[in-house]
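entry.pdb follows (PDB, C-alpha atoms):
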```pdb
ATOM      1  CA  MET O   1      11.171   6.703  54.705
ATOM      2  CA  PRO O   2      14.244   8.129  56.378
ATOM      3  CA  VAL O   3      17.240   8.795  54.160
ATOM      4  CA  VAL O   4      18.941   5.452  53.488
ATOM      5  CA  SER O   5      22.462   5.015  54.838
ATOM      6  CA  SER O   6      25.096   4.052  52.266
ATOM      7  CA  SER O   7      27.890   1.498  52.463
ATOM      8  CA  TYR O   8      29.675   2.755  49.351
ATOM      9  CA  ASN O   9      33.394   3.197  50.083
ATOM     10  CA  PRO O  10      35.493   3.037  46.888
ATOM     11  CA  PRO O  11      39.279   2.870  46.525
ATOM     12  CA  LEU O  12      41.047   6.154  47.267
ATOM     13  CA  ILE O  13      41.417   7.238  43.634
ATOM     14  CA  PHE O  14      37.676   6.900  43.040
ATOM     15  CA  LYS O  15      36.798   9.016  46.049
ATOM     16  CA  ASN O  16      37.553  11.910  43.731
ATOM     17  CA  GLY O  17      34.239  12.783  42.098
ATOM     18  CA  HIS O  18      35.724  13.962  38.802
ATOM     19  CA  LEU O  19      37.895  10.855  38.380
ATOM     20  CA  SER O  20      34.911   8.655  39.150
ATOM     21  CA  THR O  21      32.769  10.498  36.585
ATOM     22  CA  ILE O  22      35.428  10.491  33.862
ATOM     23  CA  TYR O  23      36.369   6.844  34.312
ATOM     24  CA  SER O  24      32.758   5.717  34.092
ATOM     25  CA  GLY O  25      31.892   7.996  31.175
ATOM     26  CA  ILE O  26      34.973   7.577  28.991
ATOM     27  CA  PHE O  27      37.210   4.679  29.987
ATOM     28  CA  ARG O  28      34.956   1.957  31.335
ATOM     29  CA  GLN O  29      34.104  -0.795  28.853
ATOM     30  CA  VAL O  30      31.493  -3.555  29.049
ATOM     31  CA  LYS O  31      31.870  -6.262  26.426
ATOM     32  CA  ASN O  32      29.952  -9.318  25.278
ATOM     33  CA  VAL O  33      26.503  -7.753  25.610
ATOM     34  CA  SER O  34      24.110  -9.127  23.008
ATOM     35  CA  GLN O  35      21.434  -6.576  22.084
ATOM     36  CA  LYS O  36      18.600  -6.961  19.594
ATOM     37  CA  ARG O  37      17.119  -3.759  18.197
ATOM     38  CA  GLU O  38      13.413  -3.097  17.839
ATOM     39  CA  ARG O  39      12.020   0.078  16.268
ATOM     40  CA  ILE O  40       8.652   1.368  17.388
ATOM     41  CA  MET O  41       6.679   4.115  15.704
ATOM     42  CA  LEU O  42       5.312   7.084  17.611
ATOM     43  CA  SER O  43       2.038   8.900  17.092
ATOM     44  CA  ASP O  44       3.729  11.955  15.535
ATOM     45  CA  GLY O  45       5.443   9.899  12.819
ATOM     46  CA  ASP O  46       8.759   9.646  14.645
ATOM     47  CA  PHE O  47      10.413   6.508  16.013
ATOM     48  CA  LEU O  48      12.253   5.088  19.009
ATOM     49  CA  ASP O  49      14.896   2.371  18.837
ATOM     50  CA  LEU O  50      14.827  -0.113  21.711
ATOM     51  CA  ASP O  51      17.808  -2.382  22.365
ATOM     52  CA  TRP O  52      16.789  -5.628  24.047
ATOM     53  CA  SER O  53      18.950  -8.086  25.969
ATOM     54  CA  TYR O  54      17.620 -11.188  27.620
ATOM     55  CA  SER O  55      17.931 -13.394  30.648
ATOM     56  CA  THR O  56      19.197 -16.914  29.996
ATOM     57  CA  LYS O  57      16.039 -18.154  31.733
ATOM     58  CA  LYS O  58      12.490 -17.333  30.736
ATOM     59  CA  THR O  59      11.195 -14.488  32.884
ATOM     60  CA  LYS O  60       8.124 -12.341  33.418
ATOM     61  CA  LYS O  61      10.256  -9.393  34.571
ATOM     62  CA  VAL O  62      11.689  -6.608  32.416
ATOM     63  CA  VAL O  63      13.704  -3.510  33.267
ATOM     64  CA  LEU O  64      13.562  -0.381  31.117
ATOM     65  CA  LEU O  65      16.897   1.480  31.080
ATOM     66  CA  ILE O  66      16.961   5.187  30.164
ATOM     67  CA  HIS O  67      20.286   6.865  29.401
ATOM     68  CA  GLY O  68      21.390  10.402  30.202
ATOM     69  CA  LEU O  69      22.065  13.536  28.157
ATOM     70  CA  GLU O  70      23.632  12.633  24.810
ATOM     71  CA  GLY O  71      23.941   8.998  25.860
ATOM     72  CA  ASN O  72      22.609   5.865  24.197
ATOM     73  CA  ALA O  73      21.926   2.209  24.916
ATOM     74  CA  GLN O  74      25.546   1.259  24.189
ATOM     75  CA  ARG O  75      27.085   3.387  26.914
ATOM     76  CA  ALA O  76      28.897   1.335  29.555
ATOM     77  CA  TYR O  77      26.603   2.449  32.358
ATOM     78  CA  VAL O  78      23.663   1.039  30.352
ATOM     79  CA  THR O  79      25.267  -2.169  29.110
ATOM     80  CA  GLY O  80      26.836  -2.835  32.512
ATOM     81  CA  SER O  81      23.454  -2.522  34.163
ATOM     82  CA  ALA O  82      21.815  -4.640  31.453
ATOM     83  CA  THR O  83      24.380  -7.400  31.913
ATOM     84  CA  LEU O  84      23.856  -7.630  35.650
ATOM     85  CA  PHE O  85      20.064  -7.585  35.331
ATOM     86  CA  ASN O  86      20.198 -10.303  32.664
ATOM     87  CA  ASN O  87      22.384 -12.400  34.952
ATOM     88  CA  HIS O  88      19.734 -12.038  37.668
ATOM     89  CA  HIS O  89      16.884 -13.187  35.418
ATOM     90  CA  TYR O  90      15.511  -9.882  34.187
ATOM     91  CA  ASP O  91      15.018  -9.062  30.521
ATOM     92  CA  VAL O  92      16.169  -5.559  29.639
ATOM     93  CA  CYS O  93      14.790  -2.958  27.239
ATOM     94  CA  ALA O  94      17.333  -0.149  26.827
ATOM     95  CA  ILE O  95      15.635   2.884  25.316
ATOM     96  CA  ASN O  96      17.503   5.106  22.878
ATOM     97  CA  LEU O  97      15.806   8.467  23.233
ATOM     98  CA  ARG O  98      14.892  10.309  20.028
ATOM     99  CA  GLY O  99      17.934  10.955  17.868
ATOM    100  CA  CYS O 100      20.275   8.961  20.117
ATOM    101  CA  SER O 101      20.363   5.572  18.359
ATOM    102  CA  GLY O 102      22.802   6.579  15.631
ATOM    103  CA  GLU O 103      20.130   7.899  13.265
ATOM    104  CA  ILE O 104      18.668  11.391  13.434
ATOM    105  CA  ASN O 105      14.978  11.376  14.275
ATOM    106  CA  ARG O 106      12.421  12.509  11.711
ATOM    107  CA  VAL O 107      10.702  15.499  13.290
ATOM    108  CA  TYR O 108      12.051  18.831  14.527
ATOM    109  CA  ARG O 109      11.634  17.971  18.193
ATOM    110  CA  SER O 110      13.906  15.439  19.866
ATOM    111  CA  TYR O 111      14.214  14.373  23.517
ATOM    112  CA  HIS O 112      14.445  16.346  26.730
ATOM    113  CA  SER O 113      14.438  15.881  30.498
ATOM    114  CA  GLY O 114      10.667  15.963  30.829
ATOM    115  CA  ALA O 115       9.507  14.122  27.686
ATOM    116  CA  THR O 116       7.645  11.375  29.511
ATOM    117  CA  GLU O 117       5.262  10.837  26.597
ATOM    118  CA  ASP O 118       7.921   8.700  24.896
ATOM    119  CA  LEU O 119       8.378   6.610  28.036
ATOM    120  CA  LYS O 120       4.615   6.117  28.177
ATOM    121  CA  ALA O 121       4.603   5.038  24.526
ATOM    122  CA  THR O 122       7.345   2.490  25.198
ATOM    123  CA  ILE O 123       5.538   1.060  28.216
ATOM    124  CA  GLN O 124       2.280   0.853  26.259
ATOM    125  CA  HIS O 125       4.066  -0.955  23.422
ATOM    126  CA  ILE O 126       5.506  -3.496  25.860
ATOM    127  CA  LEU O 127       2.133  -4.056  27.518
ATOM    128  CA  GLU O 128       0.461  -4.609  24.143
ATOM    129  CA  THR O 129       3.091  -6.791  22.472
ATOM    130  CA  LYS O 130       5.008  -8.587  25.241
ATOM    131  CA  ASN O 131       4.062 -10.807  28.145
ATOM    132  CA  TYR O 132       5.627  -9.313  31.280
ATOM    133  CA  SER O 133       3.841  -9.195  34.617
ATOM    134  CA  SER O 134       6.439  -6.930  36.253
ATOM    135  CA  ILE O 135       7.993  -3.838  34.673
ATOM    136  CA  TYR O 136      10.728  -1.821  36.376
ATOM    137  CA  ILE O 137      12.509   1.355  35.298
ATOM    138  CA  LYS O 138      16.076   2.479  35.877
ATOM    139  CA  GLY O 139      17.111   5.935  34.705
ATOM    140  CA  PHE O 140      20.459   7.686  34.694
ATOM    141  CA  SER O 141      20.817  11.467  35.092
ATOM    142  CA  LEU O 142      18.368  12.943  32.526
ATOM    143  CA  GLY O 143      16.817   9.484  32.266
ATOM    144  CA  GLY O 144      16.432   9.441  36.040
ATOM    145  CA  ASN O 145      14.579  12.733  35.940
ATOM    146  CA  LEU O 146      12.304  11.292  33.250
ATOM    147  CA  THR O 147      11.674   8.215  35.378
ATOM    148  CA  LEU O 148      10.737  10.106  38.539
ATOM    149  CA  LYS O 149       8.656  12.694  36.677
ATOM    150  CA  TYR O 150       6.707   9.910  34.948
ATOM    151  CA  LEU O 151       5.979   8.154  38.236
ATOM    152  CA  GLY O 152       4.920  11.362  39.975
ATOM    153  CA  GLU O 153       2.900  13.123  37.303
ATOM    154  CA  ASN O 154       0.580  10.215  36.469
ATOM    155  CA  THR O 155      -2.360   9.077  38.556
ATOM    156  CA  ASN O 156      -2.940   6.023  36.369
ATOM    157  CA  ILE O 157       0.334   4.103  36.356
ATOM    158  CA  PRO O 158      -0.125   0.585  34.902
ATOM    159  CA  LYS O 159      -0.293  -2.076  37.592
ATOM    160  CA  GLU O 160       2.620  -3.883  35.933
ATOM    161  CA  ILE O 161       4.969  -1.042  36.944
ATOM    162  CA  LYS O 162       6.404  -2.280  40.226
ATOM    163  CA  GLY O 163       9.282   0.057  41.060
ATOM    164  CA  ALA O 164      12.212   2.105  39.860
ATOM    165  CA  VAL O 165      15.790   3.156  40.481
ATOM    166  CA  ALA O 166      17.193   6.564  39.552
ATOM    167  CA  ILE O 167      20.903   7.388  39.531
ATOM    168  CA  SER O 168      22.602  10.822  39.658
ATOM    169  CA  VAL O 169      19.383  12.737  39.027
ATOM    170  CA  PRO O 170      19.247  16.514  38.452
ATOM    171  CA  CYS O 171      15.945  16.752  40.337
ATOM    172  CA  ASP O 172      15.995  20.538  39.938
ATOM    173  CA  LEU O 173      17.078  21.184  36.346
ATOM    174  CA  HIS O 174      17.794  24.880  36.793
ATOM    175  CA  ASN O 175      19.859  24.163  39.877
ATOM    176  CA  SER O 176      21.833  21.553  37.931
ATOM    177  CA  LEU O 177      22.307  23.919  34.983
ATOM    178  CA  GLN O 178      23.741  26.505  37.359
ATOM    179  CA  GLN O 179      26.293  23.932  38.496
ATOM    180  CA  LEU O 180      27.220  22.989  34.929
ATOM    181  CA  LEU O 181      27.912  26.634  34.124
ATOM    182  CA  LYS O 182      30.496  26.890  36.917
ATOM    183  CA  SER O 183      34.215  26.723  36.173
ATOM    184  CA  LYS O 184      34.581  23.320  37.869
ATOM    185  CA  ASN O 185      32.397  21.789  35.169
ATOM    186  CA  ILE O 186      33.738  23.575  32.072
ATOM    187  CA  PRO O 187      35.145  20.382  30.452
ATOM    188  CA  TYR O 188      31.807  18.589  30.836
ATOM    189  CA  ALA O 189      29.818  21.575  29.574
ATOM    190  CA  ILE O 190      32.067  21.889  26.522
ATOM    191  CA  ARG O 191      31.657  18.183  25.750
ATOM    192  CA  PHE O 192      27.862  18.297  26.113
ATOM    193  CA  LYS O 193      27.608  21.440  23.989
ATOM    194  CA  LYS O 194      29.784  19.941  21.246
ATOM    195  CA  HIS O 195      27.518  16.901  20.944
ATOM    196  CA  LEU O 196      24.328  18.966  21.107
ATOM    197  CA  ILE O 197      25.551  21.416  18.449
ATOM    198  CA  GLY O 198      26.461  18.455  16.242
ATOM    199  CA  LYS O 199      22.921  17.137  16.544
ATOM    200  CA  LEU O 200      21.525  20.600  15.845
ATOM    201  CA  LYS O 201      23.537  20.806  12.621
ATOM    202  CA  GLU O 202      21.994  17.497  11.565
ATOM    203  CA  LYS O 203      18.576  19.019  12.282
ATOM    204  CA  GLN O 204      19.559  22.000  10.165
ATOM    205  CA  LYS O 205      19.892  19.735   7.123
ATOM    206  CA  LEU O 206      16.306  18.542   7.573
ATOM    207  CA  PHE O 207      14.832  21.866   8.702
ATOM    208  CA  PRO O 208      16.981  24.638   7.138
ATOM    209  CA  ASP O 209      14.267  27.238   7.669
ATOM    210  CA  LYS O 210      14.235  26.653  11.432
ATOM    211  CA  VAL O 211      17.972  26.546  12.155
ATOM    212  CA  LEU O 212      20.211  29.182  10.582
ATOM    213  CA  ASP O 213      23.988  29.449  10.772
ATOM    214  CA  LYS O 214      23.640  32.713  12.662
ATOM    215  CA  ASP O 215      21.479  30.975  15.258
ATOM    216  CA  ILE O 216      24.106  28.304  15.898
ATOM    217  CA  LYS O 217      26.796  30.966  16.335
ATOM    218  CA  THR O 218      24.819  32.549  19.187
ATOM    219  CA  ILE O 219      24.910  29.346  21.252
ATOM    220  CA  ARG O 220      27.801  29.731  23.682
ATOM    221  CA  THR O 221      26.489  27.824  26.719
ATOM    222  CA  LEU O 222      24.070  25.021  27.546
ATOM    223  CA  LEU O 223      21.612  27.684  28.684
ATOM    224  CA  ASP O 224      21.797  29.271  25.230
ATOM    225  CA  PHE O 225      21.115  25.884  23.636
ATOM    226  CA  ASP O 226      18.067  25.315  25.809
ATOM    227  CA  ASN O 227      16.805  28.831  25.092
ATOM    228  CA  PHE O 228      17.170  28.456  21.328
ATOM    229  CA  TYR O 229      16.344  24.803  20.688
ATOM    230  CA  THR O 230      15.180  22.656  23.620
ATOM    231  CA  SER O 231      12.529  25.059  24.860
ATOM    232  CA  LYS O 232      11.212  26.248  21.498
ATOM    233  CA  ALA O 233      11.197  22.824  19.816
ATOM    234  CA  HIS O 234       9.186  21.317  22.658
ATOM    235  CA  GLY O 235       6.607  24.010  23.367
ATOM    236  CA  PHE O 236       8.167  25.891  26.287
ATOM    237  CA  LYS O 237       8.471  29.675  26.512
ATOM    238  CA  ASN O 238      12.195  29.625  27.213
ATOM    239  CA  ALA O 239      14.834  27.629  29.066
ATOM    240  CA  LEU O 240      13.631  28.637  32.517
ATOM    241  CA  ASP O 241      10.080  27.586  31.659
ATOM    242  CA  TYR O 242      11.440  24.254  30.417
ATOM    243  CA  TYR O 243      13.428  23.688  33.620
ATOM    244  CA  ALA O 244      10.502  24.652  35.847
ATOM    245  CA  LYS O 245       7.974  22.373  34.157
ATOM    246  CA  SER O 246      10.274  19.404  33.527
ATOM    247  CA  SER O 247      12.071  19.065  36.870
ATOM    248  CA  CYS O 248      11.008  15.927  38.721
ATOM    249  CA  LEU O 249      11.401  17.572  42.137
ATOM    250  CA  GLN O 250       7.831  18.903  42.175
ATOM    251  CA  PHE O 251       6.435  15.454  41.307
ATOM    252  CA  LEU O 252       8.267  13.408  43.943
ATOM    253  CA  PRO O 253       5.566  13.738  46.649
ATOM    254  CA  ASN O 254       3.028  12.044  44.341
ATOM    255  CA  ILE O 255       5.037   8.881  43.666
ATOM    256  CA  ASN O 256       3.299   5.728  44.897
ATOM    257  CA  LYS O 257       5.691   3.055  43.616
ATOM    258  CA  SER O 258       8.851   1.974  45.432
ATOM    259  CA  VAL O 259      11.745   4.097  44.222
ATOM    260  CA  LEU O 260      15.450   4.199  45.075
ATOM    261  CA  LEU O 261      17.200   7.490  44.279
ATOM    262  CA  ILE O 262      21.003   7.550  44.590
ATOM    263  CA  ASN O 263      22.754  10.928  44.302
ATOM    264  CA  ALA O 264      26.383  11.153  45.363
ATOM    265  CA  GLN O 265      27.343  14.055  47.599
ATOM    266  CA  ASN O 266      30.377  14.804  45.403
ATOM    267  CA  ASP O 267      28.413  14.890  42.144
ATOM    268  CA  SER O 268      29.575  18.176  40.624
ATOM    269  CA  PHE O 269      26.479  18.351  38.374
ATOM    270  CA  LEU O 270      24.068  18.621  41.294
ATOM    271  CA  GLY O 271      23.259  21.556  43.566
ATOM    272  CA  LYS O 272      21.595  21.536  46.970
ATOM    273  CA  SER O 273      18.010  21.253  45.740
ATOM    274  CA  CYS O 274      18.869  18.077  43.794
ATOM    275  CA  TYR O 275      19.000  16.245  47.140
ATOM    276  CA  PRO O 276      15.328  15.999  48.258
ATOM    277  CA  ILE O 277      16.123  14.990  51.819
ATOM    278  CA  GLU O 278      13.067  16.532  53.487
ATOM    279  CA  ILE O 279      10.725  14.998  50.913
ATOM    280  CA  ALA O 280      12.268  11.558  51.409
ATOM    281  CA  LYS O 281      12.011  11.778  55.213
ATOM    282  CA  ASN O 282       8.228  12.013  54.984
ATOM    283  CA  HIS O 283       7.684   9.720  51.985
ATOM    284  CA  ASP O 284       6.280   6.184  52.059
ATOM    285  CA  TYR O 285       7.877   5.125  48.762
ATOM    286  CA  LEU O 286      10.947   7.257  48.034
ATOM    287  CA  HIS O 287      14.229   5.844  49.349
ATOM    288  CA  LEU O 288      17.003   8.447  49.070
ATOM    289  CA  GLU O 289      20.639   7.372  49.340
ATOM    290  CA  THR O 290      23.371  10.013  49.255
ATOM    291  CA  PRO O 291      26.793   8.330  49.335
ATOM    292  CA  LYS O 292      29.733  10.582  50.109
ATOM    293  CA  TYR O 293      31.426   9.439  46.891
ATOM    294  CA  GLY O 294      30.410   8.419  43.381
ATOM    295  CA  GLY O 295      30.600  11.472  41.159
ATOM    296  CA  HIS O 296      28.066  11.648  38.324
ATOM    297  CA  VAL O 297      26.987   8.148  37.244
ATOM    298  CA  GLY O 298      30.331   6.896  38.546
ATOM    299  CA  PHE O 299      30.233   4.545  41.563
ATOM    300  CA  TYR O 300      33.224   2.373  40.661
ATOM    301  CA  GLY O 301      33.032  -1.258  41.745
ATOM    302  CA  LYS O 302      35.180  -4.377  41.600
ATOM    303  CA  LYS O 303      34.950  -6.851  38.693
ATOM    304  CA  ASN O 304      33.562  -4.054  36.494
ATOM    305  CA  ILE O 305      30.246  -4.042  38.351
ATOM    306  CA  THR O 306      29.387  -0.678  39.867
ATOM    307  CA  TYR O 307      27.970  -0.140  43.327
ATOM    308  CA  THR O 308      24.716   1.241  41.924
ATOM    309  CA  GLU O 309      24.307  -1.697  39.536
ATOM    310  CA  LYS O 310      24.395  -4.102  42.472
ATOM    311  CA  ARG O 311      22.187  -1.805  44.570
ATOM    312  CA  ALA O 312      19.584  -1.615  41.806
ATOM    313  CA  VAL O 313      19.329  -5.397  41.460
ATOM    314  CA  ASN O 314      19.056  -5.895  45.212
ATOM    315  CA  PHE O 315      16.452  -3.155  45.564
ATOM    316  CA  LEU O 316      14.246  -4.371  42.717
ATOM    317  CA  ASN O 317      14.508  -7.965  43.937
ATOM    318  CA  GLU O 318      12.758  -6.768  47.086
ATOM    319  CA  VAL O 319       9.946  -5.029  45.164
ATOM    320  CA  PHE O 320       6.941  -7.189  44.379
TER     321      PHE O 320
END
```
Can you dump the structure from the file as structure tokens?
Amino acid sequence: MPVVSSSYNPPLIFKNGHLSTIYSGIFRQVKNVSQKRERIMLSDGDFLDLDWSYSTKKTKKVVLLIHGLEGNAQRAYVTGSATLFNNHHYDVCAINLRGCSGEINRVYRSYHSGATEDLKATIQHILETKNYSSIYIKGFSLGGNLTLKYLGENTNIPKEIKGAVAISVPCDLHNSLQQLLKSKNIPYAIRFKKHLIGKLKEKQKLFPDKVLDKDIKTIRTLLDFDNFYTSKAHGFKNALDYYAKSSCLQFLPNINKSVLLINAQNDSFLGKSCYPIEIAKNHDYLHLETPKYGGHVGFYGKKNITYTEKRAVNFLNEVF
């Protein structure tokens, strides 16, 4: 498919990528979303909390929503998307990745950008216990990388998986990390690191022999965090090995389900290799849209419905 043209043209203030990102991440609110929590057990003794919301009409369609780094199923970009899907007769299963539901997970490992085994477990649970004929996935940032990696690394995708949408995806994790370490992104990097260190201190209470105070003091950047915890806790040699093996970019050519990837050109978290233009040009299933504006998971829209929320519904409505 050729790269998809974009009609996104926000008000002047939201043409600024940082303002778009900050508004969406901090100030936007979505109310009156009714979610019902379900806990599923994983094979290693850990758990995932799934927050369900439902269409007012009985449906055979469900969308799995996967949040970004240090997000959860109550973030506005998740609940806003869930609301619109529910209003268009989709049920929604919003996945809280390990340790992100308000309760620390039970084992030393947690979640990361390439941990598709937990997505597989969720899909298998839905196939075994629910009655949906069509399953779709929508991932944001880290969750978008998970979505695309899952679709590209597996040769045996269940037939019920019909398509996916991925928003603001760091397709090349090392490239994205390099952007986050630049001065333009210092406030974001500080915020991410603060949350991640907080989670690590919770882990320290459960696993005091694996996390020492002196270890925490050595973590000054997100790269340091991934070198100390993310890589080691999940079986990678170091941060660079984690980025190399978990980036979805290498798996995109193998995708055989209809996918819409939307990465804004002014997303300060993404470098050049996070825009797989050449891959999309020669791909039968990957639709790449690169709006000039939008920031990182921003995409402001009128009536508190973002551009990408409307785009996702319209795209998935066309996927059978």
May I have the residues within 9 Å of O:Phe47 as a PDB file with C-alpha atoms, in the frame of the given file, using all atoms listed in the file and disregarding those fewer than 2 positions away in the same chain?
```
ATOM      1  CA  ARG O  39      12.020   0.078  16.268  1.00  0.00           C
ATOM      2  CA  ILE O  40       8.652   1.368  17.388  1.00  0.00           C
ATOM      3  CA  MET O  41       6.679   4.115  15.704  1.00  0.00           C
ATOM      4  CA  LEU O  42       5.312   7.084  17.611  1.00  0.00           C
ATOM      5  CA  SER O  43       2.038   8.900  17.092  1.00  0.00           C
ATOM      6  CA  ASP O  44       3.729  11.955  15.535  1.00  0.00           C
ATOM      7  CA  GLY O  45       5.443   9.899  12.819  1.00  0.00           C
ATOM      8  CA  ASP O  49      14.896   2.371  18.837  1.00  0.00           C
ATOM      9  CA  ARG O  98      14.892  10.309  20.028  1.00  0.00           C
ATOM     10  CA  GLY O  99      17.934  10.955  17.868  1.00  0.00           C
ATOM     11  CA  ASN O 105      14.978  11.376  14.275  1.00  0.00           C
ATOM     12  CA  ARG O 106      12.421  12.509  11.711  1.00  0.00           C
TER      13      ARG O 106
END
```
List, as a PyMOL selection string, every residue that the PyMOL selection byres ((chain O and resi 7-18) around 6) selects in the file provided.
chain O and resi 6+19-21+266+293-295
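Take the candidates O:Leu252, O:Ala115, O:Leu48, O:Ala82 and check each one against O:Gly235 using only C-alpha atoms; the shortest distance goes to O:Ala115.
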In Å, rounded to a single decimal, give me how far atom CA of O:Leu151 is from atom CA of O:Tyr275.
17.7 Å
The residues within 10 Å of (17.2, 10.3, 39.5), using all atoms listed in the file and the coordinates of the file, should be reported as a PDB file with C-alpha atoms, in the frame of the given file; which are they?
```pdb
ATOM      1  CA  LYS O 138      16.076   2.479  35.877  1.00  0.00           C
ATOM      2  CA  GLY O 139      17.111   5.935  34.705  1.00  0.00           C
ATOM      3  CA  PHE O 140      20.459   7.686  34.694  1.00  0.00           C
ATOM      4  CA  SER O 141      20.817  11.467  35.092  1.00  0.00           C
ATOM      5  CA  LEU O 142      18.368  12.943  32.526  1.00  0.00           C
ATOM      6  CA  GLY O 143      16.817   9.484  32.266  1.00  0.00           C
ATOM      7  CA  GLY O 144      16.432   9.441  36.040  1.00  0.00           C
ATOM      8  CA  ASN O 145      14.579  12.733  35.940  1.00  0.00           C
ATOM      9  CA  LEU O 146      12.304  11.292  33.250  1.00  0.00           C
ATOM     10  CA  THR O 147      11.674   8.215  35.378  1.00  0.00           C
ATOM     11  CA  LEU O 148      10.737  10.106  38.539  1.00  0.00           C
ATOM     12  CA  LYS O 149       8.656  12.694  36.677  1.00  0.00           C
ATOM     13  CA  ALA O 164      12.212   2.105  39.860  1.00  0.00           C
ATOM     14  CA  VAL O 165      15.790   3.156  40.481  1.00  0.00           C
ATOM     15  CA  ALA O 166      17.193   6.564  39.552  1.00  0.00           C
ATOM     16  CA  ILE O 167      20.903   7.388  39.531  1.00  0.00           C
ATOM     17  CA  SER O 168      22.602  10.822  39.658  1.00  0.00           C
ATOM     18  CA  VAL O 169      19.383  12.737  39.027  1.00  0.00           C
ATOM     19  CA  PRO O 170      19.247  16.514  38.452  1.00  0.00           C
ATOM     20  CA  CYS O 171      15.945  16.752  40.337  1.00  0.00           C
ATOM     21  CA  CYS O 248      11.008  15.927  38.721  1.00  0.00           C
ATOM     22  CA  LEU O 249      11.401  17.572  42.137  1.00  0.00           C
ATOM     23  CA  VAL O 259      11.745   4.097  44.222  1.00  0.00           C
ATOM     24  CA  LEU O 260      15.450   4.199  45.075  1.00  0.00           C
ATOM     25  CA  LEU O 261      17.200   7.490  44.279  1.00  0.00           C
ATOM     26  CA  ILE O 262      21.003   7.550  44.590  1.00  0.00           C
ATOM     27  CA  ASN O 263      22.754  10.928  44.302  1.00  0.00           C
ATOM     28  CA  CYS O 274      18.869  18.077  43.794  1.00  0.00           C
ATOM     29  CA  TYR O 275      19.000  16.245  47.140  1.00  0.00           C
ATOM     30  CA  LEU O 288      17.003   8.447  49.070  1.00  0.00           C
TER      31      LEU O 288
END
```
Given the file shown, enumerate the residues that the PyMOL selection byres ((chain O and resi 79) around 10) captures and present them as an NGL selection string.
:O and (29-35 or 53 or 65 or 72-78 or 80-85 or 92 or 94)
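Straight-line separation from atom CA of O:Lys232 to atom CA of O:Ile186: 25.0 Å.
Relative to atom CA of O:Leu316, atom CA of O:Tyr90 is found at 10.2 Å.
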Using all atoms listed in the file, which protein or nucleic acid residues come within 12 Å of O:Gln178? Drop anything in the same chain fewer than 2 positions from it, and give the result as a list in words.
Pro170, Asp172, Leu173, His174, Asn175, Ser176, Leu180, Leu181, Lys182, Ser183, Lys184, Asn185, Ile186, Ala189, Thr221, Leu222, Leu223, Leu240, Tyr243, Ser268, Phe269, Leu270, Gly271, Lys272, Ser273 and Cys274 of chain O
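Using all atoms listed in the file, the shortest contact distance between O:Thr122 and any of O:Asp267, O:Asp224, O:Asp51, O:Glu278 is found at O:Asp51.
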Work out where the centre of an axis-aligned box around every listed atom of stretch 239-254 of chain O lies and how long its edges are once 4 Å is added on each side; give both in Å to one decimal as lines of an AutoDock Vina configuration file.
```
center_x = 8.9
center_y = 20.3
center_z = 37.9
size_x = 19.8
size_y = 24.6
size_z = 25.6
```
